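J.: Sharing work-v3.txt, compact mmCIF, C-alpha atoms and all ligand atoms:
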```txt
# COMPACT_ATOMS: atom_id res chain seq x y z
CA ILE B 669 -7.49 41.00 7.64
CA THR B 670 -3.93 40.85 8.95
CA ARG B 671 -3.43 37.20 9.85
CA ILE B 672 -4.87 34.14 8.12
CA GLY B 673 -5.07 30.73 9.78
CA VAL B 674 -4.75 27.64 7.56
CA PHE B 675 -5.70 24.07 8.46
CA THR B 676 -6.60 20.68 7.00
CA SER B 677 -9.38 18.61 8.51
CA GLY B 678 -11.27 15.31 8.15
CA GLY B 679 -10.03 12.72 5.67
CA ASP B 680 -6.69 13.55 4.04
CA SER B 681 -6.10 13.56 0.30
CA PRO B 682 -3.09 13.97 -2.00
CA GLY B 683 -2.71 17.61 -3.00
CA MET B 684 -3.67 19.11 0.37
CA ASN B 685 -0.04 20.23 0.78
CA ALA B 686 -0.14 22.02 -2.55
CA ALA B 687 -3.26 23.87 -1.37
CA ILE B 688 -1.59 24.82 1.94
CA ARG B 689 1.48 26.07 0.06
CA ALA B 690 -0.61 28.16 -2.33
CA ALA B 691 -2.68 29.73 0.45
CA VAL B 692 0.41 30.52 2.54
CA ARG B 693 2.40 32.03 -0.33
CA THR B 694 -0.52 34.06 -1.66
CA ALA B 695 -1.21 35.49 1.81
CA ILE B 696 2.47 36.38 2.31
CA TYR B 697 2.65 37.92 -1.16
CA LYS B 698 -0.32 40.10 -0.18
CA GLY B 699 1.50 41.25 2.96
CA LYS B 700 -0.48 39.12 5.40
CA LYS B 701 0.76 36.95 8.26
CA VAL B 702 -0.05 33.25 8.37
CA THR B 703 -0.65 30.80 11.20
CA GLY B 704 -0.63 27.07 10.54
CA ILE B 705 -3.05 25.12 12.70
CA TYR B 706 -2.28 21.44 13.35
CA HIS B 707 -4.89 18.65 13.33
CA GLY B 708 -7.79 20.73 12.03
CA TYR B 709 -10.35 21.92 14.54
CA GLN B 710 -8.60 19.89 17.26
CA GLY B 711 -5.54 22.14 16.95
CA MET B 712 -7.67 25.23 17.52
CA ILE B 713 -9.02 23.71 20.75
CA ASP B 714 -5.57 22.49 21.87
CA ASN B 715 -3.86 25.72 20.76
CA SER B 716 -1.51 23.79 18.49
CA MET B 717 -0.46 26.51 16.08
CA PHE B 718 2.70 28.02 14.58
CA ASP B 719 3.81 30.94 12.48
CA MET B 720 4.29 30.09 8.82
CA ASP B 721 6.49 31.78 6.28
CA SER B 722 7.36 31.02 2.68
CA PRO B 723 10.15 28.50 3.48
CA SER B 724 7.79 26.55 5.77
CA VAL B 725 5.99 25.34 2.64
CA SER B 726 9.11 24.63 0.57
CA SER B 727 9.29 21.24 -1.14
CA ILE B 728 5.83 20.10 -0.08
CA ILE B 729 3.97 20.43 -3.39
CA GLN B 730 5.01 16.91 -4.35
CA GLN B 731 4.21 15.30 -0.99
CA GLY B 732 1.03 13.35 -0.27
CA GLY B 733 -0.78 13.69 3.06
CA THR B 734 -0.76 17.02 4.90
CA ILE B 735 2.11 18.68 6.77
CA LEU B 736 -0.50 20.34 9.01
CA LYS B 737 -1.86 16.88 9.96
CA THR B 738 -5.56 16.26 10.15
CA ALA B 739 -8.07 14.92 12.66
CA ARG B 740 -11.67 14.24 13.34
CA CYS B 741 -12.65 16.35 16.34
CA MET B 742 -15.85 15.57 18.20
CA GLU B 743 -15.36 18.42 20.69
CA PHE B 744 -15.73 20.96 17.91
CA LYS B 745 -19.31 19.80 17.42
CA THR B 746 -20.14 21.23 20.86
CA VAL B 747 -20.76 24.91 21.70
CA GLU B 748 -18.11 24.71 24.48
CA GLY B 749 -15.54 23.19 22.13
CA ARG B 750 -16.02 25.92 19.56
CA ALA B 751 -15.83 28.61 22.28
CA LYS B 752 -12.46 27.23 23.35
CA ALA B 753 -11.34 27.13 19.70
CA TYR B 754 -12.39 30.74 19.16
CA GLU B 755 -10.55 31.95 22.26
CA ASN B 756 -7.30 30.46 20.94
CA VAL B 757 -7.87 31.70 17.39
CA LYS B 758 -8.50 35.21 18.70
CA ALA B 759 -5.51 35.12 21.05
CA ALA B 760 -3.29 34.13 18.09
CA GLY B 761 -4.47 37.23 16.23
CA ILE B 762 -6.09 35.18 13.46
CA ASP B 763 -8.86 37.13 11.78
CA ALA B 764 -9.68 34.85 8.85
CA LEU B 765 -9.43 31.11 8.15
CA VAL B 766 -8.82 28.80 5.20
CA ALA B 767 -10.15 25.27 5.78
CA ILE B 768 -9.16 22.38 3.54
CA GLY B 769 -11.33 19.28 3.88
CA GLY B 770 -14.60 17.58 3.09
CA ASP B 771 -18.27 17.81 3.92
CA GLY B 772 -17.80 17.65 7.71
CA THR B 773 -15.10 20.32 7.60
CA PHE B 774 -17.41 22.56 5.57
CA THR B 775 -20.23 22.04 8.10
CA GLY B 776 -17.93 22.98 10.97
CA ALA B 777 -16.74 26.06 9.05
CA GLU B 778 -20.28 27.19 8.32
CA ILE B 779 -21.28 26.94 11.97
CA PHE B 780 -18.07 28.45 13.42
CA SER B 781 -17.93 31.33 10.98
CA ARG B 782 -21.56 32.28 11.67
CA GLU B 783 -21.24 31.84 15.45
CA TYR B 784 -18.17 34.09 15.78
CA ASP B 785 -18.47 36.19 12.66
CA ILE B 786 -15.02 35.16 11.48
CA PRO B 787 -14.37 35.07 7.71
CA MET B 788 -13.77 31.55 6.41
CA MET B 789 -13.15 30.06 2.99
CA CYS B 790 -13.16 26.33 2.33
CA ILE B 791 -11.20 24.29 -0.20
CA PRO B 792 -12.52 20.86 -1.24
CA GLY B 793 -9.98 18.16 -0.37
CA THR B 794 -11.15 14.54 -0.60
CA ILE B 795 -10.41 11.64 -2.93
CA ASP B 796 -14.14 10.84 -3.19
CA ASN B 797 -15.13 13.78 -5.41
CA ASP B 798 -18.39 13.94 -3.50
CA LEU B 799 -18.74 17.64 -2.71
CA ASN B 800 -21.19 20.14 -4.11
CA GLY B 801 -19.92 23.45 -5.44
CA THR B 802 -17.15 21.88 -7.53
CA ASP B 803 -16.74 19.49 -10.45
CA LEU B 804 -13.55 18.13 -8.93
CA THR B 805 -12.03 17.78 -5.47
CA ILE B 806 -8.32 17.83 -4.66
CA GLY B 807 -6.98 14.27 -4.55
CA TYR B 808 -9.53 12.66 -6.83
CA ASP B 809 -7.30 12.58 -9.90
CA THR B 810 -4.37 11.14 -7.94
CA ALA B 811 -6.58 8.45 -6.38
CA ASN B 812 -7.88 7.48 -9.83
CA ASN B 813 -4.31 7.17 -11.09
CA THR B 814 -3.36 5.04 -8.09
CA VAL B 815 -6.33 2.75 -8.70
CA ILE B 816 -5.68 2.27 -12.41
CA GLU B 817 -2.04 1.49 -11.71
CA ALA B 818 -3.26 -1.26 -9.37
CA ILE B 819 -5.85 -2.50 -11.88
CA ASP B 820 -3.22 -2.68 -14.63
CA LYS B 821 -1.00 -4.81 -12.42
CA ILE B 822 -3.87 -7.04 -11.40
CA ARG B 823 -4.81 -7.41 -15.08
CA ASP B 824 -1.36 -8.83 -15.89
CA THR B 825 -1.62 -11.60 -13.35
CA ALA B 826 -5.35 -12.14 -13.99
CA ALA B 827 -4.78 -12.67 -17.70
CA SER B 828 -1.97 -15.14 -17.07
CA HIS B 829 -4.23 -17.39 -15.00
CA ASN B 830 -7.70 -16.85 -16.52
CA ARG B 831 -8.82 -15.26 -13.33
CA LEU B 832 -11.85 -13.26 -12.32
CA PHE B 833 -10.79 -10.47 -9.97
CA PHE B 834 -12.96 -8.40 -7.69
CA VAL B 835 -11.17 -5.17 -6.86
CA GLU B 836 -12.63 -3.08 -4.05
CA VAL B 837 -12.03 0.66 -4.23
CA MET B 838 -12.93 3.51 -1.88
CA GLY B 839 -16.30 5.21 -2.09
CA ARG B 840 -18.85 4.64 0.66
CA ASP B 841 -21.49 6.84 -0.93
CA SER B 842 -19.79 7.96 -4.10
CA GLY B 843 -19.04 5.76 -7.09
CA CYS B 844 -16.81 8.35 -8.76
CA ILE B 845 -13.50 6.51 -8.28
CA ALA B 846 -15.05 3.14 -9.15
CA LEU B 847 -16.63 4.45 -12.35
CA ASN B 848 -13.67 6.46 -13.60
CA ALA B 849 -10.97 3.99 -12.67
CA GLY B 850 -13.20 1.20 -13.99
CA ILE B 851 -13.41 2.85 -17.39
CA ALA B 852 -9.72 3.76 -17.43
CA GLY B 853 -8.73 0.25 -16.33
CA GLY B 854 -11.08 -1.51 -18.76
CA ALA B 855 -13.19 -3.21 -16.08
CA GLU B 856 -15.69 -5.85 -17.21
CA ALA B 857 -18.23 -4.63 -14.64
CA ILE B 858 -18.47 -1.84 -12.07
CA LEU B 859 -20.63 -1.94 -8.94
CA LEU B 860 -21.57 1.49 -7.63
CA PRO B 861 -23.24 2.65 -4.41
CA GLU B 862 -25.65 4.76 -6.48
CA LYS B 863 -26.85 1.75 -8.51
CA ASP B 864 -28.56 -1.36 -7.32
CA THR B 865 -26.88 -4.00 -9.48
CA ALA B 866 -28.29 -7.43 -8.66
CA ILE B 867 -25.85 -10.35 -8.45
CA GLU B 868 -27.82 -12.10 -11.23
CA GLU B 869 -27.28 -9.10 -13.49
CA LEU B 870 -23.57 -9.14 -12.71
CA ILE B 871 -23.38 -12.86 -13.49
CA ASP B 872 -25.08 -12.18 -16.85
CA MET B 873 -22.46 -9.57 -17.66
CA LEU B 874 -19.64 -11.90 -16.69
CA SER B 875 -21.13 -14.79 -18.66
CA GLN B 876 -21.07 -12.64 -21.77
CA GLY B 877 -17.42 -11.86 -21.10
CA ALA B 878 -16.64 -15.56 -20.67
CA ASP B 879 -18.52 -16.37 -23.90
CA SER B 880 -16.42 -13.89 -25.82
CA ASN B 881 -13.31 -15.69 -24.58
CA LYS B 882 -11.90 -13.02 -22.33
CA SER B 883 -8.72 -14.22 -20.73
CA SER B 884 -9.33 -12.24 -17.57
CA MET B 885 -12.15 -10.28 -16.02
CA ILE B 886 -12.05 -7.48 -13.50
CA VAL B 887 -15.04 -6.29 -11.51
CA ILE B 888 -14.61 -2.99 -9.67
CA VAL B 889 -16.64 -2.88 -6.48
CA ALA B 890 -17.07 0.45 -4.68
CA GLU B 891 -16.92 -0.19 -0.93
CA GLY B 892 -20.44 1.23 -0.53
CA ASP B 893 -22.03 -1.10 -3.10
CA LYS B 894 -25.34 -2.44 -1.78
CA ASN B 895 -24.30 -6.09 -2.27
CA GLY B 896 -21.58 -5.65 0.37
CA GLY B 897 -17.84 -5.39 -0.27
CA ALA B 898 -15.80 -7.25 -2.87
CA THR B 899 -15.41 -10.30 -0.61
CA ASP B 900 -19.17 -10.79 -0.29
CA VAL B 901 -19.78 -10.18 -3.97
CA ALA B 902 -17.05 -12.64 -4.96
CA LYS B 903 -18.49 -15.32 -2.69
CA ARG B 904 -21.97 -14.95 -4.13
CA VAL B 905 -20.77 -14.90 -7.73
CA LYS B 906 -18.57 -17.96 -7.22
CA GLU B 907 -21.56 -20.01 -6.07
CA LYS B 908 -23.15 -19.64 -9.48
CA PHE B 909 -20.26 -18.97 -11.78
CA ASP B 910 -17.28 -21.26 -11.56
CA ASN B 911 -15.69 -20.98 -15.01
CA PHE B 912 -13.03 -18.68 -13.61
CA ASP B 913 -10.70 -18.88 -10.65
CA THR B 914 -11.94 -16.05 -8.41
CA LYS B 915 -9.72 -13.64 -6.45
CA VAL B 916 -10.36 -10.56 -4.34
CA SER B 917 -8.16 -7.50 -3.92
CA ILE B 918 -9.09 -4.70 -1.52
CA LEU B 919 -7.03 -1.63 -2.29
CA GLY B 920 -7.82 0.21 0.96
CA HIS B 921 -5.89 3.18 2.28
CA LEU B 922 -3.13 3.18 -0.30
CA GLN B 923 -5.70 5.07 -2.39
CA ARG B 924 -5.39 8.04 -0.02
CA GLY B 925 -1.63 8.37 -0.32
CA GLY B 926 1.06 9.10 -2.83
CA SER B 927 2.52 12.06 -4.60
CA PRO B 928 -0.25 14.21 -6.09
CA SER B 929 -0.74 14.14 -9.86
CA SER B 930 0.04 17.18 -11.96
CA ALA B 931 -3.69 17.92 -12.29
CA ASP B 932 -4.19 17.83 -8.50
CA ARG B 933 -1.16 20.05 -7.86
CA VAL B 934 -2.39 22.67 -10.28
CA LEU B 935 -5.99 22.46 -9.05
CA ALA B 936 -4.87 22.77 -5.41
CA THR B 937 -2.59 25.68 -6.23
CA ARG B 938 -5.33 27.55 -8.06
CA MET B 939 -7.78 26.90 -5.23
CA GLY B 940 -5.39 27.96 -2.46
CA TYR B 941 -4.59 31.16 -4.30
CA TYR B 942 -8.25 31.85 -4.99
CA ALA B 943 -9.38 31.15 -1.40
CA VAL B 944 -7.01 33.78 0.03
CA ASN B 945 -7.88 36.35 -2.63
CA GLU B 946 -11.58 35.84 -2.01
CA LEU B 947 -11.11 36.33 1.75
CA LEU B 948 -9.21 39.55 1.10
CA LYS B 949 -12.02 40.72 -1.19
CA GLY B 950 -14.51 40.22 1.63
CA ASN B 951 -16.00 36.88 0.54
CA SER B 952 -16.69 34.45 3.38
CA ARG B 953 -18.58 31.32 4.41
CA ALA B 954 -18.09 29.85 0.96
CA THR B 955 -16.21 27.07 -0.77
CA VAL B 956 -13.88 27.38 -3.70
CA GLY B 957 -14.63 25.04 -6.60
CA ILE B 958 -13.93 24.42 -10.25
CA ARG B 959 -16.62 24.54 -12.94
CA GLY B 960 -15.30 23.56 -16.33
CA SER B 961 -11.94 25.30 -16.34
CA GLU B 962 -13.02 28.20 -14.17
CA ILE B 963 -12.49 28.64 -10.42
CA VAL B 964 -15.68 29.74 -8.68
CA THR B 965 -17.08 30.09 -5.17
CA THR B 966 -20.35 28.78 -3.74
CA PRO B 967 -21.85 29.79 -0.39
CA LEU B 968 -21.39 26.98 2.13
CA GLU B 969 -25.08 27.00 2.93
CA GLU B 970 -25.86 26.20 -0.70
CA ALA B 971 -23.08 23.64 -1.11
CA LEU B 972 -24.15 21.82 2.04
CA SER B 973 -27.91 21.89 1.39
CA LYS B 974 -27.71 19.89 -1.84
CA LYS B 975 -27.26 16.34 -0.71
CA GLU B 976 -27.81 14.64 -4.05
CA LEU B 977 -24.72 14.15 -6.15
CA LYS B 978 -25.50 12.80 -9.55
CA LEU B 979 -23.45 10.11 -11.18
CA ASN B 980 -22.50 10.80 -14.78
CA GLU B 981 -24.99 8.50 -16.56
CA ASP B 982 -23.10 8.86 -19.85
CA LEU B 983 -20.07 7.29 -18.22
CA VAL B 984 -22.17 4.45 -16.78
CA GLU B 985 -23.48 3.68 -20.28
CA ILE B 986 -20.02 3.97 -21.86
CA ALA B 987 -18.55 1.61 -19.24
CA LYS B 988 -21.17 -1.04 -20.14
CA ILE B 989 -20.51 -0.77 -23.85
CA MET B 990 -16.75 -0.95 -23.41
CA ALA B 991 -17.11 -4.21 -21.45
CA ILE B 992 -18.67 -6.26 -24.28
P1 LIG B 1001 -14.54 15.48 6.23
O1 LIG B 1001 -14.24 16.95 6.34
O2 LIG B 1001 -13.50 14.76 5.45
O3 LIG B 1001 -15.95 15.23 5.74
P2 LIG B 1001 -15.41 14.81 8.97
O4 LIG B 1001 -16.79 14.46 8.60
O5 LIG B 1001 -14.71 13.98 9.99
O6 LIG B 1001 -14.42 14.83 7.69
O7 LIG B 1001 -15.39 16.32 9.47
C1 LIG B 1001 -14.20 16.93 9.90
C2 LIG B 1001 -14.43 17.66 11.17
O8 LIG B 1001 -15.33 18.75 10.98
C3 LIG B 1001 -15.07 16.87 12.29
O9 LIG B 1001 -14.16 16.01 12.93
C4 LIG B 1001 -15.56 17.97 13.21
O10 LIG B 1001 -14.51 18.49 13.98
C5 LIG B 1001 -16.01 19.01 12.19
N1 LIG B 1001 -17.47 18.91 12.03
C6 LIG B 1001 -18.16 18.01 11.29
N2 LIG B 1001 -19.49 18.18 11.43
C7 LIG B 1001 -19.66 19.20 12.29
C8 LIG B 1001 -20.77 19.86 12.89
N3 LIG B 1001 -22.02 19.47 12.62
N4 LIG B 1001 -20.54 20.87 13.74
C9 LIG B 1001 -19.29 21.27 14.03
N5 LIG B 1001 -18.18 20.69 13.53
C10 LIG B 1001 -18.36 19.67 12.68
```
Could you render the structure from this file as structure tokens?

T.:
Amino acid sequence: ITRIGVFTSGGDSPGMNAAIRAAVRTAIYKGKKVTGIYHGYQGMIDNSMFDMDSPSVSSIIQQGGTILKTARCMEFKTVEGRAKAYENVKAAGIDALVAIGGDGTFTGAEIFSREYDIPMMCIPGTIDNDLNGTDLTIGYDTANNTVIEAIDKIRDTAASHNRLFFVEVMGRDSGCIALNAGIAGGAEAILLPEKDTAIEELIDMLSQGADSNKSSMIVIVAEGDKNGGATDVAKRVKEKFDNFDTKVSILGHLQRGGSPSSADRVLATRMGYYAVNELLKGNSRATVGIRGSEIVTTPLEEALSKKELKLNEDLVEIAKIMAI
């Protein structure tokens, strides 16, 4: 391996820049050349690439988003699209790739790397923490911190007016942010995509809170909750439960942004370093991950075949007890 290509793809997350920086600096330290590829797989097809050196990743560890930009690229899902991408990658002298992204990015890497026999290592970057092969994804900790900061602020105003707030957080399929930020923010109830909480059950929980004279109540609703989003849930609860003035707050894309937390910066740096070292050792078609405090790799085939991600049932139980 003489030249490593680095790109970010799919949904962005805070800490991707720290991962780029770590991969670039590790490769340079090992005497390799580095090409940055813009807009993920789209940049390979459009030949949007540039030479990177150590200064090109200066002062980015603290920045959210990704300096390499990201994109969703439909053309890469076609054989012709990937052929075009490979031509450009080859012409640039790139003989190994580091991909930072989510599930879709991993799928593309698995296919491309097999099709053209090019070594690839993936790094999990998504706020949803919904990838196999790792306990934590880059951006998850920052997103949780962003959400609890919002919950804390909402709590101040909610308590002043005896209000019941429904706060919608990201997570179409994964309740990780909702559950963790719900616990950290002291939510009275948390609705998760993985659980089928009936509105009646939610009203029971809120009634108990009202009976114990809570001055405010916050319900965290993951966007993928089966009852619909926070607006729908609030409407249905209000019909039967009018003790409290009801408000809705949808946090939306602000959860994707911001300066990465210390934990995400360190995680991303360890993963970027590890991804390059693994490539140089001959590992390929795998994702870097963290298990406990250890950095590990898992073959992409294995990481992608396990679709079920289990919610931490202990946390679900603890959240209920803390809401009494
Ligand atoms: P994420 O990586 O955050 O899950 P996407 O699902 O949009 O985001 O995937 C990122 C990109 O990976 C897609 O836009 C596409 O270019 C590529 N990709 C996803 N699935 C496939 C596939 N089945 N074959 C080839 N490329 C794919």

J.: Could you list the protein, DNA and RNA residues that have any atom within 10 Å of ligand LIG 1001 (chain B), counting only C-alpha atoms and all ligand atoms, and write them as a ChimeraX atom specification?

T.: /B:676-681,707-710,738-747,749-750,767-780,792-796,798-799

J.: Quick one: pull the distance between atom CA of Asp872 of chain B and atom CA of Ile918 of chain B, Å, one decimal.

T.: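 Going from atom CA of Asp872 of chain B over to atom CA of Ile918 of chain B covers 23.4 Å.
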
J.: Find the residues near segment 905-911 of chain B: any atom within 7 Å, counting all atoms listed in the file, skip ones fewer than 4 places away on the same chain, and give them as an NGL selection string.

T.: :B and (867 or 871 or 901)

J.: Determine, counting all atoms listed in the file, which protein, DNA and RNA residues have an atom within 8 Å of an atom of Gly732 of chain B; residues of the same chain fewer than 3 positions away are not included. Present the result as a PyMOL selection string.

T.: chain B and resi 681-685+925-928

J.: What is the distance, in Å and to one decimal place, between atom CA of Ile986 of chain B and atom CA of Ala827 of chain B?

T.: 22.9 Å

J.: Might you pull out every residue within 9 Å of Ile819 of chain B, with all atoms listed in the file counted and same-chain residues fewer than 2 positions away left off, and present them as a ChimeraX atom specification?

T.: /B:814-817,821-824,835,849-850,853-855,886

J.: If I take atom CA of Arg933 of chain B and atom CA of Asn812 of chain B, how far is one from the other in Å, to one decimal?

T.: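 Between atom CA of Arg933 of chain B and atom CA of Asn812 of chain B the gap is 14.4 Å.
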
J.: Output requested as an mmCIF file, keeping the file's coordinate frame - segment 737-769 of chain B, filled out with N, CA and C atoms.

T.:
```
data_model
loop_
_atom_site.group_PDB
_atom_site.id
_atom_site.type_symbol
_atom_site.label_atom_id
_atom_site.label_comp_id
_atom_site.auth_asym_id
_atom_site.auth_seq_id
_atom_site.Cartn_x
_atom_site.Cartn_y
_atom_site.Cartn_z
ATOM 1 N N LYS B 737 -1.147 18.005 9.336
ATOM 2 C CA LYS B 737 -1.860 16.880 9.960
ATOM 3 C C LYS B 737 -3.365 17.133 9.891
ATOM 4 N N THR B 738 -4.111 16.082 10.180
ATOM 5 C CA THR B 738 -5.560 16.260 10.150
ATOM 6 C C THR B 738 -6.164 15.417 11.264
ATOM 7 N N ALA B 739 -7.417 15.676 11.590
ATOM 8 C CA ALA B 739 -8.070 14.920 12.660
ATOM 9 C C ALA B 739 -9.571 15.028 12.518
ATOM 10 N N ARG B 740 -10.230 14.112 13.162
ATOM 11 C CA ARG B 740 -11.670 14.240 13.340
ATOM 12 C C ARG B 740 -11.847 14.673 14.797
ATOM 13 N N CYS B 741 -12.575 15.746 15.012
ATOM 14 C CA CYS B 741 -12.650 16.350 16.340
ATOM 15 C C CYS B 741 -14.094 16.467 16.806
ATOM 16 N N MET B 742 -14.463 15.594 17.708
ATOM 17 C CA MET B 742 -15.850 15.570 18.200
ATOM 18 C C MET B 742 -16.172 16.805 19.044
ATOM 19 N N GLU B 743 -15.139 17.285 19.785
ATOM 20 C CA GLU B 743 -15.360 18.420 20.690
ATOM 21 C C GLU B 743 -15.815 19.667 19.930
ATOM 22 N N PHE B 744 -15.381 19.779 18.690
ATOM 23 C CA PHE B 744 -15.730 20.960 17.910
ATOM 24 C C PHE B 744 -17.217 21.000 17.564
ATOM 25 N N LYS B 745 -17.864 19.848 17.706
ATOM 26 C CA LYS B 745 -19.310 19.800 17.420
ATOM 27 C C LYS B 745 -20.118 20.366 18.589
ATOM 28 N N THR B 746 -19.432 20.674 19.708
ATOM 29 C CA THR B 746 -20.140 21.230 20.860
ATOM 30 C C THR B 746 -19.897 22.745 20.949
ATOM 31 N N VAL B 747 -20.864 23.456 21.530
ATOM 32 C CA VAL B 747 -20.760 24.910 21.700
ATOM 33 C C VAL B 747 -19.520 25.249 22.530
ATOM 34 N N GLU B 748 -19.255 24.459 23.592
ATOM 35 C CA GLU B 748 -18.110 24.710 24.480
ATOM 36 C C GLU B 748 -16.794 24.511 23.731
ATOM 37 N N GLY B 749 -16.748 23.481 22.913
ATOM 38 C CA GLY B 749 -15.540 23.190 22.130
ATOM 39 C C GLY B 749 -15.221 24.342 21.194
ATOM 40 N N ARG B 750 -16.237 24.821 20.517
ATOM 41 C CA ARG B 750 -16.020 25.920 19.560
ATOM 42 C C ARG B 750 -15.651 27.218 20.283
ATOM 43 N N ALA B 751 -16.174 27.406 21.496
ATOM 44 C CA ALA B 751 -15.830 28.610 22.280
ATOM 45 C C ALA B 751 -14.332 28.581 22.623
ATOM 46 N N LYS B 752 -13.879 27.396 23.026
ATOM 47 C CA LYS B 752 -12.460 27.230 23.350
ATOM 48 C C LYS B 752 -11.605 27.499 22.090
ATOM 49 N N ALA B 753 -12.056 26.942 20.966
ATOM 50 C CA ALA B 753 -11.340 27.130 19.700
ATOM 51 C C ALA B 753 -11.267 28.616 19.361
ATOM 52 N N TYR B 754 -12.368 29.313 19.516
ATOM 53 C CA TYR B 754 -12.390 30.740 19.160
ATOM 54 C C TYR B 754 -11.452 31.558 20.049
ATOM 55 N N GLU B 755 -11.457 31.248 21.328
ATOM 56 C CA GLU B 755 -10.550 31.950 22.260
ATOM 57 C C GLU B 755 -9.107 31.863 21.779
ATOM 58 N N ASN B 756 -8.687 30.665 21.398
ATOM 59 C CA ASN B 756 -7.300 30.460 20.940
ATOM 60 C C ASN B 756 -7.031 31.145 19.598
ATOM 61 N N VAL B 757 -8.014 31.067 18.706
ATOM 62 C CA VAL B 757 -7.870 31.700 17.390
ATOM 63 C C VAL B 757 -7.711 33.213 17.576
ATOM 64 N N LYS B 758 -8.532 33.760 18.441
ATOM 65 C CA LYS B 758 -8.500 35.210 18.700
ATOM 66 C C LYS B 758 -7.173 35.612 19.355
ATOM 67 N N ALA B 759 -6.761 34.820 20.339
ATOM 68 C CA ALA B 759 -5.510 35.120 21.050
ATOM 69 C C ALA B 759 -4.313 35.075 20.094
ATOM 70 N N ALA B 760 -4.397 34.239 19.064
ATOM 71 C CA ALA B 760 -3.290 34.130 18.090
ATOM 72 C C ALA B 760 -3.328 35.277 17.076
ATOM 73 N N GLY B 761 -4.350 36.097 17.160
ATOM 74 C CA GLY B 761 -4.470 37.230 16.230
ATOM 75 C C GLY B 761 -4.995 36.848 14.857
ATOM 76 N N ILE B 762 -5.553 35.655 14.761
ATOM 77 C CA ILE B 762 -6.090 35.180 13.460
ATOM 78 C C ILE B 762 -7.438 35.860 13.216
ATOM 79 N N ASP B 763 -7.559 36.510 12.053
ATOM 80 C CA ASP B 763 -8.860 37.130 11.780
ATOM 81 C C ASP B 763 -9.536 36.620 10.516
ATOM 82 N N ALA B 764 -9.021 35.532 9.954
ATOM 83 C CA ALA B 764 -9.680 34.850 8.850
ATOM 84 C C ALA B 764 -9.100 33.445 8.744
ATOM 85 N N LEU B 765 -9.885 32.504 8.189
ATOM 86 C CA LEU B 765 -9.430 31.110 8.150
ATOM 87 C C LEU B 765 -9.632 30.473 6.773
ATOM 88 N N VAL B 766 -8.675 29.632 6.395
ATOM 89 C CA VAL B 766 -8.820 28.800 5.200
ATOM 90 C C VAL B 766 -8.864 27.345 5.682
ATOM 91 N N ALA B 767 -9.965 26.659 5.364
ATOM 92 C CA ALA B 767 -10.150 25.270 5.780
ATOM 93 C C ALA B 767 -10.093 24.359 4.572
ATOM 94 N N ILE B 768 -9.263 23.335 4.656
ATOM 95 C CA ILE B 768 -9.160 22.380 3.540
ATOM 96 C C ILE B 768 -9.690 21.040 4.043
ATOM 97 N N GLY B 769 -10.754 20.534 3.413
ATOM 98 C CA GLY B 769 -11.330 19.280 3.880
ATOM 99 C C GLY B 769 -12.578 18.905 3.114
#
```
